[in-house]
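Participant: Below is the file run_30.txt, which contains compact mmCIF, C-alpha atoms.
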# COMPACT_ATOMS: atom_id res chain seq x y z
CA LYS A 248 -0.64 18.72 12.57
CA ARG A 249 -4.11 20.15 13.02
CA PRO A 250 -5.23 22.69 10.41
CA GLY A 251 -4.38 26.16 11.61
CA ALA A 252 -1.96 25.04 14.33
CA GLY A 253 1.34 26.86 14.50
CA GLY A 254 4.81 25.36 14.34
CA GLY A 255 6.53 22.93 12.02
CA GLY A 256 4.98 19.82 13.54
CA GLY A 257 1.82 21.17 15.10
CA GLY A 258 1.56 22.61 18.57
CA GLY A 259 -0.43 22.37 21.73
CA ASP A 260 -1.33 19.64 24.17
CA GLY A 261 -4.10 18.39 21.88
CA ASN A 262 -1.60 17.25 19.27
CA GLU A 263 0.66 15.59 21.84
CA ARG A 264 -2.09 13.21 22.94
CA ILE A 265 -2.48 11.97 19.33
CA PRO A 266 0.95 10.67 18.22
CA SER A 267 0.03 10.42 14.54
CA ILE A 268 -0.85 14.14 14.48
CA GLY A 269 1.87 15.41 16.82
CA MET A 270 4.79 13.98 14.82
CA VAL A 271 7.50 16.56 14.09
CA ALA A 272 9.88 14.85 11.65
CA VAL A 273 9.70 11.09 11.30
CA PRO A 274 11.62 9.27 8.52
CA GLY A 275 9.83 6.56 6.62
CA ARG A 276 8.28 5.52 3.30
CA LEU A 277 5.29 7.09 1.59
CA ARG A 278 3.12 4.76 -0.50
CA LEU A 279 0.45 5.82 -2.97
CA CYS A 280 -2.30 3.19 -3.07
CA SER A 281 -5.51 2.93 -5.09
CA ARG A 282 -7.70 4.22 -2.24
CA SER A 283 -5.35 5.94 0.18
CA VAL A 284 -1.95 7.34 1.01
CA VAL A 285 0.00 5.18 3.47
CA PHE A 286 3.02 6.29 5.51
CA GLU A 287 5.25 3.60 7.02
CA PRO A 288 7.61 5.10 9.63
CA ASP A 289 11.04 3.56 10.11
CA ASP A 290 10.24 3.59 13.84
CA VAL A 291 7.81 0.68 14.21
CA SER A 292 6.50 2.05 17.51
CA ARG A 293 4.80 4.87 15.58
CA GLY A 294 2.48 2.64 13.59
CA ILE A 295 1.48 2.83 9.94
CA VAL A 296 -0.69 5.85 9.08
CA ARG A 297 -3.37 5.39 6.40
CA CYS A 298 -5.22 8.40 5.00
CA PRO A 299 -8.13 7.45 2.70
CA PHE A 300 -8.81 9.66 -0.33
CA SER A 301 -12.49 9.78 0.60
CA ARG A 302 -11.61 11.70 3.79
CA MET A 303 -9.27 14.24 2.19
CA ALA A 304 -10.23 17.86 1.65
CA GLY A 305 -9.00 17.93 -1.93
CA ARG A 306 -6.11 16.30 -3.73
CA PRO A 307 -2.57 16.09 -2.32
CA ARG A 308 -0.62 19.07 -3.63
CA ALA A 309 2.97 20.25 -3.88
CA ALA A 310 4.52 22.29 -1.07
CA MET A 311 7.67 24.34 -1.01
CA VAL A 312 10.80 23.48 0.95
CA GLY A 313 13.00 26.54 0.69
CA ASP A 314 12.79 27.59 -2.95
CA GLN A 315 11.95 24.11 -4.31
CA ALA A 316 8.76 22.04 -4.44
CA ARG A 317 10.13 19.09 -2.45
CA ALA A 318 7.10 18.22 -0.33
CA VAL A 319 3.51 16.98 -0.59
CA THR A 320 0.73 18.11 1.72
CA TYR A 321 -2.96 17.40 2.23
CA VAL A 322 -5.69 17.71 4.86
CA CYS A 323 -7.47 14.55 5.98
CA GLY A 324 -10.57 14.47 8.16
CA ARG A 325 -10.00 10.92 9.40
CA HIS A 326 -7.02 8.58 9.36
CA SER A 327 -6.13 5.16 10.74
CA VAL A 328 -3.07 3.95 12.63
CA MET A 329 -2.10 0.29 12.22
CA ARG A 330 0.56 -2.05 13.60
CA ALA A 331 1.82 0.31 16.31
CA ASN A 332 4.76 -1.33 18.08
CA ALA A 333 4.60 -4.01 15.31
CA VAL A 334 1.46 -5.51 16.91
CA VAL A 335 -1.03 -7.01 14.46
CA GLY A 336 -4.46 -6.13 15.77
CA PRO A 337 -7.43 -3.80 15.38
CA HIS A 338 -6.39 -0.43 13.99
CA ASP A 339 -7.07 2.89 15.71
CA THR A 340 -9.22 5.47 13.93
CA VAL A 341 -8.50 9.15 14.56
CA ASP A 342 -11.60 11.25 13.86
CA GLU A 343 -9.84 14.59 13.83
CA GLY A 344 -8.88 16.78 10.90
CA ALA A 345 -5.15 17.06 10.39
CA GLU A 346 -2.71 18.41 7.84
CA PHE A 347 -0.04 15.96 6.74
CA ARG A 348 3.18 17.13 5.11
CA PHE A 349 5.80 14.82 3.61
CA THR A 350 9.23 16.00 2.45
CA PHE A 351 10.95 13.93 -0.24
CA ARG A 352 14.56 13.63 0.90
CA HIS A 353 16.16 11.91 -2.11
CA SER A 354 13.76 12.52 -5.00
CA SER A 355 11.20 14.90 -6.41
CA PRO A 356 7.47 14.55 -5.61
CA ALA A 357 6.70 15.14 -9.31
CA GLN A 358 6.15 11.43 -10.04
CA PHE A 359 3.87 11.09 -7.01
CA LEU A 360 1.79 14.11 -8.09
CA ASP A 361 1.68 12.94 -11.72
CA LEU A 362 0.13 9.67 -10.55
CA ILE A 363 -2.40 11.60 -8.46
CA ARG A 364 -3.43 13.59 -11.55
CA THR A 365 -3.67 10.39 -13.62
CA MET A 366 -5.79 8.73 -10.93
CA ALA A 367 -8.12 11.73 -10.84
CA GLY A 368 -9.23 11.36 -14.45
CA ASP A 369 -12.50 13.16 -15.19
CA ASP A 370 -14.25 11.86 -12.07
CA ALA A 371 -12.15 13.66 -9.48
CA ALA A 372 -13.96 15.63 -6.83
CA ASP A 373 -12.63 17.90 -4.12
CA GLY A 374 -14.14 17.85 -0.65
CA ASN A 375 -14.78 21.02 1.31
CA VAL A 376 -14.56 22.10 4.91
CA ASN A 377 -17.76 21.08 6.62
CA GLY A 378 -20.11 23.40 8.43
CA ASN A 379 -18.86 22.66 11.96
CA GLY A 380 -15.56 24.38 11.31
CA GLY A 381 -13.42 21.26 10.96
CA HIS A 382 -12.26 19.23 8.03
CA GLY A 383 -14.86 16.52 7.78
CA ALA A 384 -15.36 13.36 5.79
CA GLY A 385 -17.14 14.75 2.78
CA ALA A 386 -16.73 13.63 -0.81
CA GLY A 387 -12.97 14.08 -0.56
CA PHE A 388 -10.66 13.32 -3.44
CA VAL A 389 -12.37 10.57 -5.43
CA PRO A 390 -10.07 8.81 -7.92
CA SER A 391 -11.47 7.60 -11.20
CA PRO A 392 -11.93 3.78 -11.13
CA ALA A 393 -11.20 3.59 -14.85
CA ALA A 394 -7.97 5.54 -14.42
CA ILE A 395 -6.86 3.31 -11.54
CA ASP A 396 -7.54 0.24 -13.66
CA ARG A 397 -5.37 1.67 -16.46
CA ILE A 398 -2.54 2.28 -14.01
CA LEU A 399 -2.71 -1.08 -12.26
CA GLN A 400 -3.40 -3.37 -15.21
CA PRO A 401 0.17 -3.45 -16.64
CA MET A 402 1.48 -4.36 -13.17
CA LEU A 403 -1.14 -7.09 -12.71
CA ASP A 404 -0.56 -8.44 -16.22
CA LEU A 405 3.17 -8.88 -15.66
CA PRO A 406 3.83 -12.62 -16.16
CA PHE A 407 5.97 -14.83 -13.98
CA ASP A 408 9.64 -14.19 -14.68
CA PRO A 409 11.56 -17.44 -15.38
CA HIS A 410 14.62 -15.85 -13.77
CA ASN A 411 12.81 -16.32 -10.44
CA LEU A 412 13.10 -20.11 -10.74
CA LEU A 413 15.58 -21.53 -8.26
CA ASP A 414 16.63 -24.18 -10.77
CA ILE A 415 16.36 -23.78 -14.54
CA ARG A 416 15.65 -27.51 -14.81
CA GLU A 417 12.33 -27.20 -12.97
CA VAL A 418 9.27 -28.18 -14.99
CA PRO A 419 6.17 -25.93 -14.68
CA ARG A 420 2.99 -27.88 -13.84
CA THR A 421 0.59 -24.93 -14.12
CA SER A 422 0.13 -21.86 -16.25
CA ASN A 423 0.54 -18.31 -14.91
CA LEU A 424 -2.03 -18.07 -12.08
CA ARG A 425 -3.37 -14.65 -11.03
CA CYS A 426 -3.85 -14.64 -7.26
CA HIS A 427 -3.38 -12.82 -3.95
CA GLN A 428 -1.20 -13.85 -1.03
CA LEU A 429 -3.30 -13.28 2.09
CA SER A 430 -1.95 -12.13 5.43
CA PRO A 431 -3.40 -10.11 8.33
CA LEU A 432 -4.52 -6.67 7.10
CA GLN A 433 -3.17 -7.27 3.59
CA ALA A 434 -3.96 -9.04 0.31
CA GLN A 435 -0.87 -8.88 -1.91
CA PRO A 436 -1.68 -9.25 -5.62
CA GLY A 437 0.63 -11.16 -7.89
CA CYS A 438 0.95 -14.38 -9.82
CA SER A 439 1.87 -17.94 -8.97
CA ILE A 440 3.11 -21.05 -10.70
CA VAL A 441 3.65 -24.60 -9.47
CA THR A 442 6.63 -26.60 -10.72
CA ASP A 443 7.72 -30.14 -9.98
CA ARG A 444 9.76 -28.79 -7.03
CA HIS A 445 8.32 -25.52 -5.76
CA VAL A 446 5.27 -23.32 -5.40
CA TYR A 447 6.20 -19.77 -6.43
CA PHE A 448 4.50 -16.45 -5.70
CA GLN A 449 5.70 -13.34 -7.52
CA PRO A 450 4.27 -10.16 -5.92
CA ALA A 451 3.05 -7.22 -7.98
CA SER A 452 4.24 -4.23 -6.00
CA SER A 453 5.12 -1.32 -8.26
CA VAL A 454 3.36 0.39 -11.15
CA MET A 455 6.47 2.34 -12.13
CA SER A 456 9.32 -0.16 -12.52
CA GLY A 457 7.83 -2.65 -14.99
CA VAL A 458 10.32 -5.20 -13.65
CA ALA A 459 9.24 -8.44 -11.97
CA GLU A 460 9.77 -8.59 -8.22
CA PRO A 461 11.76 -11.45 -6.63
CA ALA A 462 9.44 -14.42 -6.05
CA LYS A 463 8.83 -16.35 -2.86
CA ALA A 464 9.44 -20.08 -3.20
CA PHE A 465 7.94 -22.88 -1.10
CA ALA A 466 9.42 -26.34 -1.59
CA ILE A 467 6.79 -28.95 -2.36
CA ARG A 468 8.61 -31.45 -0.15
CA ASP A 469 7.93 -29.09 2.80
CA VAL A 470 4.15 -29.00 2.19
CA VAL A 471 2.65 -31.34 4.79
CA ALA A 472 -1.03 -30.46 4.26
CA THR A 473 -3.38 -28.22 2.30
CA ALA A 474 -6.84 -26.87 3.07
CA ARG A 475 -9.48 -25.11 1.00
CA ARG A 476 -10.55 -21.81 2.53
CA TYR A 477 -13.21 -19.16 2.05
CA HIS A 478 -12.18 -15.59 1.28
CA GLY A 479 -14.74 -12.82 0.93
CA LEU A 480 -17.55 -15.40 1.28
CA ARG A 481 -16.22 -17.29 -1.74
CA ASP A 482 -14.67 -20.74 -1.86
CA CYS A 483 -11.59 -19.51 -3.72
CA ALA A 484 -8.56 -19.84 -1.44
CA VAL A 485 -6.11 -22.53 -0.41
CA GLU A 486 -3.88 -22.66 2.67
CA LEU A 487 -0.53 -24.47 2.68
CA TYR A 488 0.96 -25.99 5.82
CA LEU A 489 4.74 -26.22 5.73
CA SER A 490 7.13 -28.27 7.82
CA SER A 491 9.76 -25.52 7.84
Please rewrite the model in this file as C-alpha cells.

Facilitator:
Amino acid sequence: KRPGAGGGGGGGDGNERIPSIGMVAVPGRLRLCSRSVVFEPDDVSRGIVRCPFSRMAGRPRAAMVGDQARAVTYVCGRHSVMRANAVVGPHDTVDEGAEFRFTFRHSSPAQFLDLIRTMAGDDAADGNVNGNGGHGAGAGFVPSPAAIDRILQPMLDLPFDPHNLLDIREVPRTSNLRCHQLSPLQAQPGCSIVTDRHVYFQPASSVMSGVAEPAKAFAIRDVVATARRYHGLRDCAVELYLSS
C-alpha cells in the first residue's frame, strides 16, 4: 500500500490501478536476494514483485501480528513487476512509493531479519524521505559487498554431490566446474560436471541449508549440436541443442 494510506491493504482508487500496490492478502514466497527482496505470488497472474535495496527507505524491519512479531515491512520508492500472467517479457517499473508488508504464516521472520543484519555489515545506510513528500530513490539500504560475499561463498563453494549421479558407474570427464545456467531474466549459479553419459548442473539456491540441490541431467546422446556464445560481452558461454 502507499505510505499513509488507510486499511489493511491500502485504500483508494489510486492503489486499485496499480495491482502490485493494491494487493490485500496474496499468498506466495518471499526471497531475500543479494540486491533486492523478491515476492513470487502463487497466483501467476499477479507477477513477480522485485524491490531493490537501493530504493528502500531503510532496512526491512519486524512488524507485529497480534502480540507476536510475525511480519516484515519496508517502504520502497520504486519496484518492478515481472512475468505477469507467466509472460516472459519486459518488466514494468512502478515509480511510486509503497509500503510492503509480508506475514510469515508457518515460520518466524527472525532468520530473514538476521540475514538482513548480516548483509548490512558496517556499510549499511538508511535512505530518507525525499523533499517532494514521497519516498524516493535515495541511498536506500545498501548492503555490504564483503558481507554478501561471506554469506554466498559457502553456497557457491558447495561441490557437486555424487548422489546426484543417475548411475554410480558413470565416469567423470571434468572437474567441478563453477558456472551459471542462463535463462530469460535469470542467471542461476551452480556447478557442473560432464561424465561419459550426462552433462549435470547442480544449482546453488540456498545459503541456509548447506545441502546440495538436486541436479539437472542432460544425456550426452541427446546433444545434437553445441555453440559458443557471448555473455556480458565475453566469449564464455556454451549453448547445448538437445533432441528431446

Participant: Counting all atoms listed in the file, find the residues whose atoms lie at most 10 Å from (11.8, -16.2, -5.2) (file coordinates) and write them out as a VMD selection string.

Facilitator: chain A and resid 408 410 to 413 445 to 450 460 to 465

Participant: Between A:Ala304, A:Ala451, A:Leu362, A:Val291, which has the minimum distance to Gln428 (chain A) (counting only C-alpha atoms)?

Facilitator: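 Comparing A:Ala304, A:Ala451, A:Leu362, A:Val291 against Gln428 (chain A), the winner is A:Ala451.
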
Participant: Distance CA of Asp361 (chain A)-CA of Pro390 (chain A), one decimal place?

Facilitator: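 Between CA of Asp361 (chain A) and CA of Pro390 (chain A) the gap is 13.0 Å.
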
Participant: In terms of the shortest atom-to-atom distance over all atoms listed in the file, which of A:Pro401, A:Gly324, A:Pro299, A:Pro274 is closest to Ser452 (chain A)?

Facilitator: A:Pro401

Participant: A:Val296, A:Cys280, A:Leu403, A:Met303: which is nearest Arg330 (chain A), counting only C-alpha atoms?

Facilitator: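 Looking only at the distances to Arg330 (chain A), the closest residue turns out to be A:Val296.
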
Participant: Missing atoms in region 307-318 of chain A: fill them in up to all heavy atoms and send the result as an mmCIF file, keeping the file's coordinate frame.

Facilitator:
data_model
loop_
_atom_site.group_PDB
_atom_site.id
_atom_site.type_symbol
_atom_site.label_atom_id
_atom_site.label_comp_id
_atom_site.auth_asym_id
_atom_site.auth_seq_id
_atom_site.Cartn_x
_atom_site.Cartn_y
_atom_site.Cartn_z
ATOM 1 N N PRO A 307 -3.914 15.729 -2.790
ATOM 2 C CA PRO A 307 -2.570 16.090 -2.320
ATOM 3 C C PRO A 307 -1.944 17.074 -3.307
ATOM 4 O O PRO A 307 -2.121 16.959 -4.520
ATOM 5 C CB PRO A 307 -1.832 14.742 -2.324
ATOM 6 C CG PRO A 307 -2.909 13.723 -2.148
ATOM 7 C CD PRO A 307 -4.093 14.255 -2.910
ATOM 8 N N ARG A 308 -1.202 18.036 -2.786
ATOM 9 C CA ARG A 308 -0.620 19.070 -3.630
ATOM 10 C C ARG A 308 0.831 19.307 -3.236
ATOM 11 O O ARG A 308 1.271 18.919 -2.154
ATOM 12 C CB ARG A 308 -1.412 20.371 -3.493
ATOM 13 C CG ARG A 308 -1.422 20.950 -2.094
ATOM 14 C CD ARG A 308 -2.354 22.139 -1.983
ATOM 15 N NE ARG A 308 -2.260 22.782 -0.673
ATOM 16 C CZ ARG A 308 -2.884 22.360 0.419
ATOM 17 N NH1 ARG A 308 -3.683 21.300 0.359
ATOM 18 N NH2 ARG A 308 -2.745 22.997 1.569
ATOM 19 N N ALA A 309 1.556 19.957 -4.127
ATOM 20 C CA ALA A 309 2.970 20.250 -3.880
ATOM 21 C C ALA A 309 3.113 21.340 -2.828
ATOM 22 O O ALA A 309 2.256 22.218 -2.695
ATOM 23 C CB ALA A 309 3.651 20.667 -5.177
ATOM 24 N N ALA A 310 4.203 21.272 -2.074
ATOM 25 C CA ALA A 310 4.520 22.290 -1.070
ATOM 26 C C ALA A 310 5.994 22.643 -1.190
ATOM 27 O O ALA A 310 6.816 21.812 -1.589
ATOM 28 C CB ALA A 310 4.197 21.789 0.338
ATOM 29 N N MET A 311 6.305 23.852 -0.848
ATOM 30 C CA MET A 311 7.670 24.340 -1.010
ATOM 31 C C MET A 311 8.526 23.996 0.200
ATOM 32 O O MET A 311 8.076 24.047 1.346
ATOM 33 C CB MET A 311 7.672 25.863 -1.209
ATOM 34 C CG MET A 311 6.869 26.345 -2.417
ATOM 35 S SD MET A 311 7.488 25.672 -3.975
ATOM 36 C CE MET A 311 9.075 26.529 -4.068
ATOM 37 N N VAL A 312 9.759 23.628 -0.070
ATOM 38 C CA VAL A 312 10.800 23.480 0.950
ATOM 39 C C VAL A 312 11.936 24.392 0.511
ATOM 40 O O VAL A 312 12.669 24.074 -0.426
ATOM 41 C CB VAL A 312 11.275 22.025 1.094
ATOM 42 C CG1 VAL A 312 12.405 21.939 2.116
ATOM 43 C CG2 VAL A 312 10.125 21.119 1.486
ATOM 44 N N GLY A 313 12.073 25.522 1.173
ATOM 45 C CA GLY A 313 13.000 26.540 0.690
ATOM 46 C C GLY A 313 12.453 27.125 -0.597
ATOM 47 O O GLY A 313 11.322 27.613 -0.653
ATOM 48 N N ASP A 314 13.245 27.063 -1.669
ATOM 49 C CA ASP A 314 12.790 27.590 -2.950
ATOM 50 C C ASP A 314 12.438 26.484 -3.936
ATOM 51 O O ASP A 314 12.328 26.720 -5.129
ATOM 52 C CB ASP A 314 13.875 28.494 -3.556
ATOM 53 C CG ASP A 314 15.203 27.769 -3.755
ATOM 54 O OD1 ASP A 314 15.330 26.621 -3.259
ATOM 55 O OD2 ASP A 314 16.103 28.346 -4.386
ATOM 56 N N GLN A 315 12.263 25.231 -3.443
ATOM 57 C CA GLN A 315 11.950 24.110 -4.310
ATOM 58 C C GLN A 315 10.702 23.382 -3.821
ATOM 59 O O GLN A 315 10.430 23.323 -2.622
ATOM 60 C CB GLN A 315 13.114 23.116 -4.374
ATOM 61 C CG GLN A 315 14.370 23.662 -5.032
ATOM 62 C CD GLN A 315 15.463 22.612 -5.099
ATOM 63 O OE1 GLN A 315 15.603 21.788 -4.203
ATOM 64 N NE2 GLN A 315 16.219 22.638 -6.179
ATOM 65 N N ALA A 316 9.945 22.844 -4.780
ATOM 66 C CA ALA A 316 8.760 22.040 -4.440
ATOM 67 C C ALA A 316 9.226 20.630 -4.123
ATOM 68 O O ALA A 316 9.258 19.755 -4.985
ATOM 69 C CB ALA A 316 7.771 22.060 -5.598
ATOM 70 N N ARG A 317 9.581 20.374 -2.858
ATOM 71 C CA ARG A 317 10.130 19.090 -2.450
ATOM 72 C C ARG A 317 9.217 18.353 -1.479
ATOM 73 O O ARG A 317 9.611 17.349 -0.895
ATOM 74 C CB ARG A 317 11.503 19.295 -1.778
ATOM 75 C CG ARG A 317 12.588 19.830 -2.691
ATOM 76 C CD ARG A 317 12.947 18.819 -3.766
ATOM 77 N NE ARG A 317 13.358 17.563 -3.189
ATOM 78 C CZ ARG A 317 14.609 17.301 -2.779
ATOM 79 N NH1 ARG A 317 15.536 18.233 -2.921
ATOM 80 N NH2 ARG A 317 14.915 16.124 -2.277
ATOM 81 N N ALA A 318 7.991 18.832 -1.307
ATOM 82 C CA ALA A 318 7.100 18.220 -0.330
ATOM 83 C C ALA A 318 5.701 18.056 -0.909
ATOM 84 O O ALA A 318 5.340 18.672 -1.917
ATOM 85 C CB ALA A 318 7.044 19.050 0.956
#
